[in-house]
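Step one of this worksheet: look at the structure below.
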Amino acid sequence: MFLNLLLWAFSMQGCMVSCLQRSAVHAFVGDSITLNCTYNSTGWFREHWYDSKAVKQTETSRDCVNISSASSSARRCTLSLIIWKITVRHTPESYYCMVEDVEAYPLKKWEECKMDLRIQGRPSLPVVTPRRQLIAGRESVLTCYTSGFYPSNITVSWLHNGHHMSERGAEKYLSDNEDGTFNATSSITFIPNVTHHKDLIACQVSHASLSQPVMSNLSLLVNYGPRSVSLGFRTAHTADAQLIAVNSDVIVSTINSFLELECLVDSYPPAHIDWKRQEPNSSWRKILKKELRWTAIQEANMGVYWCFTSNSYGEANTSITIVVQKPSEFHLVKLFATMTVTLVVVLAALAIYFYITSKRKWKGDPEPDESIEEKSKESAEYAAIWRGSSVSQEAADCLSIQEVPYADILISGRGCSTPEQRRAPEILCSDDTQDWTNEELDPALPHSIQDNTGLHVSQLEVTRKLSTSSEYAVINYSSKPCC
């Protein structure tokens, strides 16, 4: 019905008002925005922007363009309103665009372009602070403050190391500002202990103006007295020398060696450290150093040393006894230990060697010998076998019979003498010995020769293989001499 009336009015008067923006516009406190109102005109018109309080707005501008080539009076105009630095208290919630037909009498108005502002204020980044110093074992209060948000609905949460804390001890207070925005203060009460030192406490704020919550962290600094006092020492004066923890009540050092003692204490704020030496007469001698350091310690430096630690919240102490030995005593023990270790290593090596050797003998591993290829290349030459003062020598025959191994002596018959064989050298056994190798054998004599070994060989000549790795002898025999 309303649209029909609007179309009728446009057809009668030639004007219709429309908004380029949505009817509800969201804006944030402090922003500047522009509202646009568009209408078509075929005559003379007058336009205005008014707020919900009927106050005429002057920060306007108009821009018109022709929409028809047939008529120069057909135009489309846009009336813009600029609103600077929006505030909650001083900015109206609604604005109207009105157009008047100046050719009609009485004047006709159209109030079709109404825009509502949805003003929001973003909360500031929360600030977390303790009301007073945090002391272990004493009740403490933490506060979280945020400001400048609108509307007043807001959620404040507390987190401890990323986990939500109980809301039982939390309180929230709201206050307003002159510009119409609000502030919020949230507080939480708890009792810190030593384990809470340097833990993270977070305050998280959620609001309709935020796409995601904002958060601030606070590292807890819990004050407590000295505890867990311990000692460490160094034996080298170098930059990379590591601090070694003392696990006993006594430290043993040698004369003229380097020694440095350091007192370690867990406390906050850091404790003041004093070194004192206990004298034989039960008195104390204060040492004005945080670390005890001797570049060449002496027997006079032996004694009981105390480390005293203290701050505003407590005190603690510990002691250590330093014993200085002469180098000879220390080196004797070191030398004995070194010799013992060396002896154990040598005995272990010998045991392994004898074990491997005995294992090889039991398995019957053969002694390494020359390869067959090398033996085949050796020359077969006649040799003499010495047995005390007797020598046997026979010409080699060339019969082809089976080889018989016997007691590491290879006895074989050959069909013919090889070119590589040569006659064994003549050896004189006594003064009346004569050369019998060129004589014909006496038929009355036995056709055999016996050496000291008791081995009988008929018409025998002995050869020896020319091998550097084998002591085997080859004895060639035949029933008739070679041609």
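Quick note on naming: the chains in the structure tokens go A, B, ... in the order shown, residues restart at 1 in each chain, and ligands are numbered from 1 in order of appearance.
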Please list as a JSON list (two decimals) with N, CA and C atoms, in the first residue's frame every residue within 10 Å of Ala245 in chain A, counting only C-alpha atoms and excluding residues in the same chain fewer than 4 positions away.
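File written: result.json
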```json
[["chain", "number", "residue", "atom", "x", "y", "z"],
["A", 230, "SER", "N", 72.95, -24.01, 47.62],
["A", 230, "SER", "CA", 73.86, -25.06, 47.16],
["A", 230, "SER", "C", 75.19, -24.44, 46.76],
["A", 231, "LEU", "N", 76.19, -25.31, 46.57],
["A", 231, "LEU", "CA", 77.54, -24.85, 46.21],
["A", 231, "LEU", "C", 77.98, -25.50, 44.91],
["A", 232, "GLY", "N", 78.85, -24.80, 44.19],
["A", 232, "GLY", "CA", 79.47, -25.32, 42.98],
["A", 232, "GLY", "C", 80.93, -24.90, 42.94],
["A", 233, "PHE", "N", 81.76, -25.64, 42.18],
["A", 233, "PHE", "CA", 83.19, -25.31, 42.13],
["A", 233, "PHE", "C", 83.71, -25.51, 40.71],
["A", 234, "ARG", "N", 84.83, -24.82, 40.43],
["A", 234, "ARG", "CA", 85.56, -24.94, 39.16],
["A", 234, "ARG", "C", 87.02, -25.24, 39.48],
["A", 261, "LEU", "N", 85.00, -21.47, 44.34],
["A", 261, "LEU", "CA", 83.73, -21.87, 44.94],
["A", 261, "LEU", "C", 82.69, -20.79, 44.68],
["A", 262, "GLU", "N", 81.46, -21.23, 44.38],
["A", 262, "GLU", "CA", 80.36, -20.29, 44.13],
["A", 262, "GLU", "C", 79.13, -20.76, 44.91],
["A", 264, "LEU", "N", 75.16, -20.78, 45.38],
["A", 264, "LEU", "CA", 73.95, -20.66, 44.57],
["A", 264, "LEU", "C", 72.74, -20.69, 45.48]]
```
**Report entry** Spatial neighbours of Ser310 in chain A, max dist 12 Å, only C-alpha atoms, sep filter under 5 positions, as a VMD selection string
**Finding:** chain A and resid 224 to 227 229 265 to 274 315 to 317
Query raised in the report: Running DSSP on the backbone, which parts of range 108-165 of chain A land in strand (DSSP E or B), as a PyMOL selection string?
Result: chain A and resi 108-121+127-130+134-135+140-150+155-160+163-164
How would the residues just picked look written out with C-alpha atoms as a PDB file, in the first residue's frame?
```
ATOM      1  CA  LYS A 108       5.101  18.526  -0.216  1.00  0.00           C
ATOM      2  CA  LYS A 109       7.701  16.600   1.782  1.00  0.00           C
ATOM      3  CA  TRP A 110       9.022  13.073   1.562  1.00  0.00           C
ATOM      4  CA  GLU A 111      10.741  11.518   4.582  1.00  0.00           C
ATOM      5  CA  GLU A 112      11.558   8.175   3.067  1.00  0.00           C
ATOM      6  CA  CYS A 113      15.297   8.030   3.826  1.00  0.00           C
ATOM      7  CA  LYS A 114      15.674   7.265   7.521  1.00  0.00           C
ATOM      8  CA  MET A 115      18.955   5.910   8.864  1.00  0.00           C
ATOM      9  CA  ASP A 116      19.599   4.601  12.372  1.00  0.00           C
ATOM     10  CA  LEU A 117      23.113   4.696  13.833  1.00  0.00           C
ATOM     11  CA  ARG A 118      24.373   1.732  15.831  1.00  0.00           C
ATOM     12  CA  ILE A 119      27.195   3.288  17.810  1.00  0.00           C
ATOM     13  CA  GLN A 120      29.713   1.042  19.548  1.00  0.00           C
ATOM     14  CA  GLY A 121      32.794   1.731  21.618  1.00  0.00           C
ATOM     15  CA  VAL A 127      45.909  -3.472  32.137  1.00  0.00           C
ATOM     16  CA  VAL A 128      46.746  -6.005  34.871  1.00  0.00           C
ATOM     17  CA  THR A 129      48.458  -4.819  38.059  1.00  0.00           C
ATOM     18  CA  PRO A 130      48.854  -6.059  41.642  1.00  0.00           C
ATOM     19  CA  LEU A 134      53.190 -10.194  46.064  1.00  0.00           C
ATOM     20  CA  ILE A 135      54.640 -12.051  49.054  1.00  0.00           C
ATOM     21  CA  SER A 140      47.136 -10.563  47.405  1.00  0.00           C
ATOM     22  CA  VAL A 141      44.808  -8.796  44.955  1.00  0.00           C
ATOM     23  CA  LEU A 142      45.215  -8.392  41.187  1.00  0.00           C
ATOM     24  CA  THR A 143      43.179  -5.840  39.199  1.00  0.00           C
ATOM     25  CA  CYS A 144      42.272  -5.628  35.502  1.00  0.00           C
ATOM     26  CA  TYR A 145      41.135  -2.271  34.044  1.00  0.00           C
ATOM     27  CA  THR A 146      39.600  -1.497  30.627  1.00  0.00           C
ATOM     28  CA  SER A 147      37.838   1.660  29.383  1.00  0.00           C
ATOM     29  CA  GLY A 148      35.988   3.401  26.500  1.00  0.00           C
ATOM     30  CA  PHE A 149      33.504   0.678  25.587  1.00  0.00           C
ATOM     31  CA  TYR A 150      29.842   1.009  24.611  1.00  0.00           C
ATOM     32  CA  THR A 155      32.796  -9.940  30.058  1.00  0.00           C
ATOM     33  CA  VAL A 156      36.093 -10.054  31.979  1.00  0.00           C
ATOM     34  CA  SER A 157      37.848 -13.416  32.565  1.00  0.00           C
ATOM     35  CA  TRP A 158      41.013 -14.444  34.434  1.00  0.00           C
ATOM     36  CA  LEU A 159      43.483 -17.106  33.272  1.00  0.00           C
ATOM     37  CA  HIS A 160      46.454 -18.724  35.049  1.00  0.00           C
ATOM     38  CA  HIS A 163      43.703 -22.010  32.142  1.00  0.00           C
ATOM     39  CA  HIS A 164      40.565 -20.217  33.352  1.00  0.00           C
TER      40      HIS A 164
END
```
Report summary line: note - CA of Glu93 in chain A and CA of Lys53 in chain A are separated by 9.4 Å
